[in-house]
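See below for structure36.json, which holds JSON, C-alpha atoms.
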```
[["chain", "number", "residue", "atom", "x", "y", "z"],
["F", 59, "MET", "CA", -51.80, -21.46, -49.05],
["F", 60, "THR", "CA", -49.93, -20.71, -45.84],
["F", 61, "ALA", "CA", -49.48, -17.30, -44.26],
["F", 62, "PRO", "CA", -46.06, -15.67, -44.61],
["F", 63, "LEU", "CA", -43.77, -16.18, -41.62],
["F", 64, "TYR", "CA", -43.09, -12.47, -41.13],
["F", 65, "ASN", "CA", -46.47, -10.90, -41.75],
["F", 66, "THR", "CA", -47.62, -7.36, -41.01],
["F", 67, "ASP", "CA", -49.17, -8.30, -37.66],
["F", 68, "ILE", "CA", -45.96, -9.92, -36.42],
["F", 69, "LEU", "CA", -43.84, -7.01, -37.60],
["F", 70, "ARG", "CA", -46.17, -4.50, -35.90],
["F", 71, "LEU", "CA", -45.86, -6.38, -32.63],
["F", 72, "ALA", "CA", -42.08, -6.60, -33.00],
["F", 73, "VAL", "CA", -41.79, -2.82, -32.93],
["F", 74, "SER", "CA", -44.32, -2.26, -30.14],
["F", 75, "ILE", "CA", -42.78, -4.04, -27.14],
["F", 76, "PRO", "CA", -43.98, -2.43, -23.90],
["F", 77, "TYR", "CA", -41.87, -2.10, -20.74],
["F", 78, "GLN", "CA", -38.54, -1.95, -22.57],
["F", 79, "GLU", "CA", -36.59, -0.70, -19.59],
["F", 80, "ARG", "CA", -35.19, -2.95, -16.89],
["F", 81, "LEU", "CA", -36.53, -2.43, -13.37],
["F", 82, "ALA", "CA", -34.10, -0.70, -11.02],
["F", 83, "ALA", "CA", -34.34, -3.27, -8.20],
["F", 84, "PRO", "CA", -36.51, -6.18, -9.38],
["F", 85, "MET", "CA", -37.83, -8.81, -7.00],
["F", 86, "GLY", "CA", -37.15, -11.42, -9.67],
["F", 87, "SER", "CA", -35.16, -11.50, -12.88],
["F", 88, "ALA", "CA", -34.37, -14.09, -15.54],
["F", 89, "GLU", "CA", -32.51, -14.13, -18.83],
["F", 90, "LYS", "CA", -33.16, -16.69, -21.54],
["F", 91, "ARG", "CA", -31.15, -17.22, -24.69],
["F", 92, "SER", "CA", -31.79, -19.30, -27.79],
["F", 93, "PRO", "CA", -28.73, -21.36, -28.71],
["F", 94, "ILE", "CA", -30.07, -21.71, -32.25],
["F", 95, "CYS", "CA", -30.19, -18.03, -33.23],
["F", 96, "GLY", "CA", -28.66, -16.15, -30.30],
["F", 97, "SER", "CA", -31.86, -14.30, -29.43],
["F", 98, "ARG", "CA", -31.92, -13.16, -25.82],
["F", 99, "VAL", "CA", -34.66, -11.86, -23.54],
["F", 100, "THR", "CA", -34.22, -10.59, -19.99],
["F", 101, "VAL", "CA", -37.32, -10.05, -17.86],
["F", 102, "ASP", "CA", -37.54, -8.32, -14.46],
["F", 103, "VAL", "CA", -40.67, -8.45, -12.31],
["F", 104, "ASP", "CA", -42.01, -7.04, -9.09],
["F", 105, "MET", "CA", -44.85, -8.69, -7.25],
["F", 106, "GLY", "CA", -47.50, -7.42, -4.90],
["F", 107, "GLU", "CA", -48.56, -8.85, -1.58],
["F", 108, "ASP", "CA", -51.23, -10.81, -3.45],
["F", 109, "GLY", "CA", -48.50, -12.77, -5.28],
["F", 110, "ARG", "CA", -49.22, -11.25, -8.67],
["F", 111, "VAL", "CA", -46.94, -9.35, -11.02],
["F", 112, "THR", "CA", -47.21, -5.59, -10.45],
["F", 113, "ALA", "CA", -44.38, -4.37, -12.70],
["F", 114, "ILE", "CA", -42.32, -5.72, -15.54],
["F", 115, "GLY", "CA", -39.19, -4.53, -17.31],
["F", 116, "MET", "CA", -37.44, -6.14, -20.25],
["F", 117, "LEU", "CA", -34.41, -6.16, -22.46],
["F", 118, "VAL", "CA", -35.19, -7.89, -25.75],
["F", 119, "ARG", "CA", -32.52, -8.73, -28.31],
["F", 120, "ALA", "CA", -34.33, -11.13, -30.59],
["F", 121, "CYS", "CA", -35.60, -11.74, -34.10],
["F", 122, "ALA", "CA", -38.99, -10.39, -35.14],
["F", 123, "LEU", "CA", -40.76, -13.51, -33.86],
["F", 124, "GLY", "CA", -39.04, -13.27, -30.48],
["F", 125, "GLN", "CA", -39.86, -9.57, -30.32],
["F", 126, "ALA", "CA", -43.51, -10.20, -31.23],
["F", 127, "SER", "CA", -43.80, -12.92, -28.61],
["F", 128, "SER", "CA", -42.17, -10.61, -26.04],
["F", 129, "ALA", "CA", -44.66, -7.87, -26.87],
["F", 130, "LEU", "CA", -47.60, -10.24, -26.40],
["F", 131, "MET", "CA", -46.24, -11.58, -23.13],
["F", 132, "ALA", "CA", -45.49, -8.15, -21.67],
["F", 133, "ALA", "CA", -48.84, -6.69, -22.69],
["F", 134, "HIS", "CA", -50.68, -9.22, -20.52],
["F", 135, "ALA", "CA", -48.28, -10.35, -17.75],
["F", 136, "ILE", "CA", -49.13, -7.72, -15.15],
["F", 137, "GLY", "CA", -51.73, -9.06, -12.75],
["F", 138, "ARG", "CA", -50.76, -12.70, -13.36],
["F", 139, "SER", "CA", -49.54, -15.15, -10.75],
["F", 140, "PRO", "CA", -46.40, -17.28, -11.12],
["F", 141, "GLU", "CA", -48.64, -20.30, -11.69],
["F", 142, "GLU", "CA", -50.51, -18.57, -14.51],
["F", 143, "LEU", "CA", -47.23, -17.53, -16.12],
["F", 144, "ALA", "CA", -45.81, -21.06, -15.85],
["F", 145, "ALA", "CA", -49.02, -22.47, -17.36],
["F", 146, "ALA", "CA", -48.79, -20.00, -20.28],
["F", 147, "ARG", "CA", -45.14, -20.99, -20.83],
["F", 148, "ASP", "CA", -46.05, -24.68, -20.85],
["F", 149, "GLN", "CA", -49.10, -24.20, -23.10],
["F", 150, "LEU", "CA", -47.01, -22.19, -25.57],
["F", 151, "ALA", "CA", -44.32, -24.88, -25.71],
["F", 152, "ALA", "CA", -46.95, -27.61, -26.22],
["F", 153, "TRP", "CA", -48.69, -25.63, -28.96],
["F", 154, "LEU", "CA", -45.41, -25.04, -30.78],
["F", 155, "ARG", "CA", -44.71, -28.79, -30.60],
["F", 156, "GLY", "CA", -48.13, -29.45, -32.14],
["F", 157, "GLU", "CA", -49.51, -30.93, -28.92],
["F", 158, "GLY", "CA", -52.26, -28.52, -28.05],
["F", 159, "ALA", "CA", -54.49, -25.65, -28.99],
["F", 160, "VAL", "CA", -53.46, -22.01, -29.11],
["F", 161, "PRO", "CA", -52.63, -21.03, -25.51],
["F", 162, "ASP", "CA", -55.13, -19.00, -23.54],
["F", 163, "TRP", "CA", -53.09, -15.81, -23.91],
["F", 164, "PRO", "CA", -54.34, -12.85, -25.93],
["F", 165, "GLY", "CA", -52.91, -12.56, -29.43],
["F", 166, "LEU", "CA", -50.71, -15.66, -29.61],
["F", 167, "ASP", "CA", -52.62, -16.94, -32.62],
["F", 168, "VAL", "CA", -50.74, -14.33, -34.69],
["F", 169, "LEU", "CA", -47.68, -16.57, -34.35],
["F", 170, "ALA", "CA", -49.39, -19.53, -36.06],
["F", 171, "PRO", "CA", -47.33, -19.12, -39.28],
["F", 172, "ALA", "CA", -44.25, -20.08, -37.23],
["F", 173, "LEU", "CA", -45.64, -23.48, -36.23],
["F", 174, "ALA", "CA", -44.05, -25.12, -39.27],
["F", 175, "HIS", "CA", -40.66, -23.52, -38.52],
["F", 176, "SER", "CA", -39.31, -25.41, -35.49],
["F", 177, "ALA", "CA", -35.99, -23.55, -35.60],
["F", 178, "ARG", "CA", -37.95, -20.38, -34.67],
["F", 179, "HIS", "CA", -39.72, -21.90, -31.67],
["F", 180, "PRO", "CA", -36.94, -21.28, -29.11],
["F", 181, "SER", "CA", -36.99, -17.55, -29.83],
["F", 182, "ILE", "CA", -40.78, -17.46, -29.51],
["F", 183, "ARG", "CA", -40.63, -19.19, -26.11],
["F", 184, "LEU", "CA", -37.93, -16.94, -24.59],
["F", 185, "ALA", "CA", -40.10, -14.20, -23.06],
["F", 186, "PHE", "CA", -42.59, -16.66, -21.62],
["F", 187, "GLU", "CA", -39.80, -18.79, -20.13],
["F", 188, "ALA", "CA", -38.09, -15.72, -18.68],
["F", 189, "VAL", "CA", -41.21, -14.20, -17.12],
["F", 190, "ALA", "CA", -42.20, -17.53, -15.55],
["F", 191, "ASP", "CA", -38.72, -17.92, -14.03],
["F", 192, "ALA", "CA", -38.58, -14.29, -12.88],
["F", 193, "ALA", "CA", -41.99, -14.57, -11.20],
["F", 194, "ALA", "CA", -40.98, -17.81, -9.47],
["F", 195, "GLU", "CA", -37.80, -16.12, -8.24],
["F", 196, "ALA", "CA", -39.78, -13.12, -6.99],
["F", 197, "ARG", "CA", -42.14, -15.40, -5.07],
["F", 198, "ALA", "CA", -39.19, -17.25, -3.54],
["F", 199, "GLN", "CA", -37.57, -13.95, -2.52],
["F", 200, "ALA", "CA", -40.83, -12.76, -0.95],
["F", 201, "ALA", "CA", -41.07, -15.97, 1.06],
["F", 202, "VAL", "CA", -37.53, -15.50, 2.40],
["F", 203, "GLY", "CA", -37.95, -11.80, 3.16]]
```
structure tokens encoding of this file:
Amino acid sequence: MTAPLYNTDILRLAVSIPYQERLAAPMGSAEKRSPICGSRVTVDVDMGEDGRVTAIGMLVRACALGQASSALMAAHAIGRSPEELAAARDQLAAWLRGEGAVPDWPGLDVLAPALAHSARHPSIRLAFEAVADAAAEARAQAAVG
């Protein structure tokens, strides 16, 4: 028997997204949208001199799976480097395609019921794609400034 797609754990995460306010003057920002369902996630980041995320702000307009994924990403993005965030994005995409193990990111295993629902994968990837792009932009801005 398979787990229900929208289980209690996913729904709890969906209503507990941290950092739900955009940053006033972010060092990097990215918006990602799913053409399949219209879900949209915007992520702002600031980075410290050590090249790691020090602050995050988000605007999440997504289905419960996109919200749950956003909550998991935001809960553990601070302190990560752009490379770590890009690796998490890539591992998540591979896992959703059935090409790898659960990514090394706390809590992502809760999204396992969605593996069989490929139409939901773009929404799940949004926050991880946005934070990786925002962190890369912030690093590029820091190198220029």
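The coordinates place atom CA of F:Gly96 at 13.7 Å from atom CA of F:Ala185.
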May I ask which of the residues F:Leu117, F:Asp167, F:Ala177, F:Glu195 is the closest one to F:Arg155, counting all atoms listed in the file? F:Ala177
Name all residues at most 12 Å from F:Ser92 (count all atoms listed in the file; drop same-chain ones fewer than 2 positions away) and give them as a VMD selection string. chain F and resid 89 to 90 94 to 100 119 to 121 124 177 to 185 187 to 188
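With atom CA of F:Leu166 on one side and atom CA of F:Asp104 on the other, the separation reads 23.9 Å.
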Which centre and which edge lengths, in Å to one decimal, describe the axis-aligned box that holds all listed atoms of stretch 105-117 of chain F after 4 Å is added on each side, as lines of an AutoDock Vina configuration file?
```
center_x = -42.8
center_y = -8.6
center_z = -12.0
size_x = 24.8
size_y = 16.4
size_z = 28.9
```
For a quick check of your reading of the model, name the residues lying within 12 Å of the coordinate (-41.3, 0.0, -25.4), counting only C-alpha atoms, and write them as a tab-separated table (two decimals) with C-alpha atoms, in the frame of the given file.
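So the final result, stored in point.tsv, reads:
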```tsv
chain	number	residue	atom	x	y	z
F	71	LEU	CA	-45.86	-6.38	-32.63
F	72	ALA	CA	-42.08	-6.60	-33.00
F	73	VAL	CA	-41.79	-2.82	-32.93
F	74	SER	CA	-44.32	-2.26	-30.14
F	75	ILE	CA	-42.78	-4.04	-27.14
F	76	PRO	CA	-43.98	-2.43	-23.90
F	77	TYR	CA	-41.87	-2.10	-20.74
F	78	GLN	CA	-38.54	-1.95	-22.57
F	79	GLU	CA	-36.59	-0.70	-19.59
F	80	ARG	CA	-35.19	-2.95	-16.89
F	114	ILE	CA	-42.32	-5.72	-15.54
F	115	GLY	CA	-39.19	-4.53	-17.31
F	116	MET	CA	-37.44	-6.14	-20.25
F	117	LEU	CA	-34.41	-6.16	-22.46
F	118	VAL	CA	-35.19	-7.89	-25.75
F	125	GLN	CA	-39.86	-9.57	-30.32
F	126	ALA	CA	-43.51	-10.20	-31.23
F	128	SER	CA	-42.17	-10.61	-26.04
F	129	ALA	CA	-44.66	-7.87	-26.87
F	132	ALA	CA	-45.49	-8.15	-21.67
F	133	ALA	CA	-48.84	-6.69	-22.69
```
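Considering only C-alpha atoms, the residue among F:Pro161, F:Gly156, F:Gly137, F:Pro84 positioned nearest to F:Val111 is F:Gly137.
Coordinates place atom CA of F:Arg138 at a distance of 11.2 Å from atom CA of F:Trp163.
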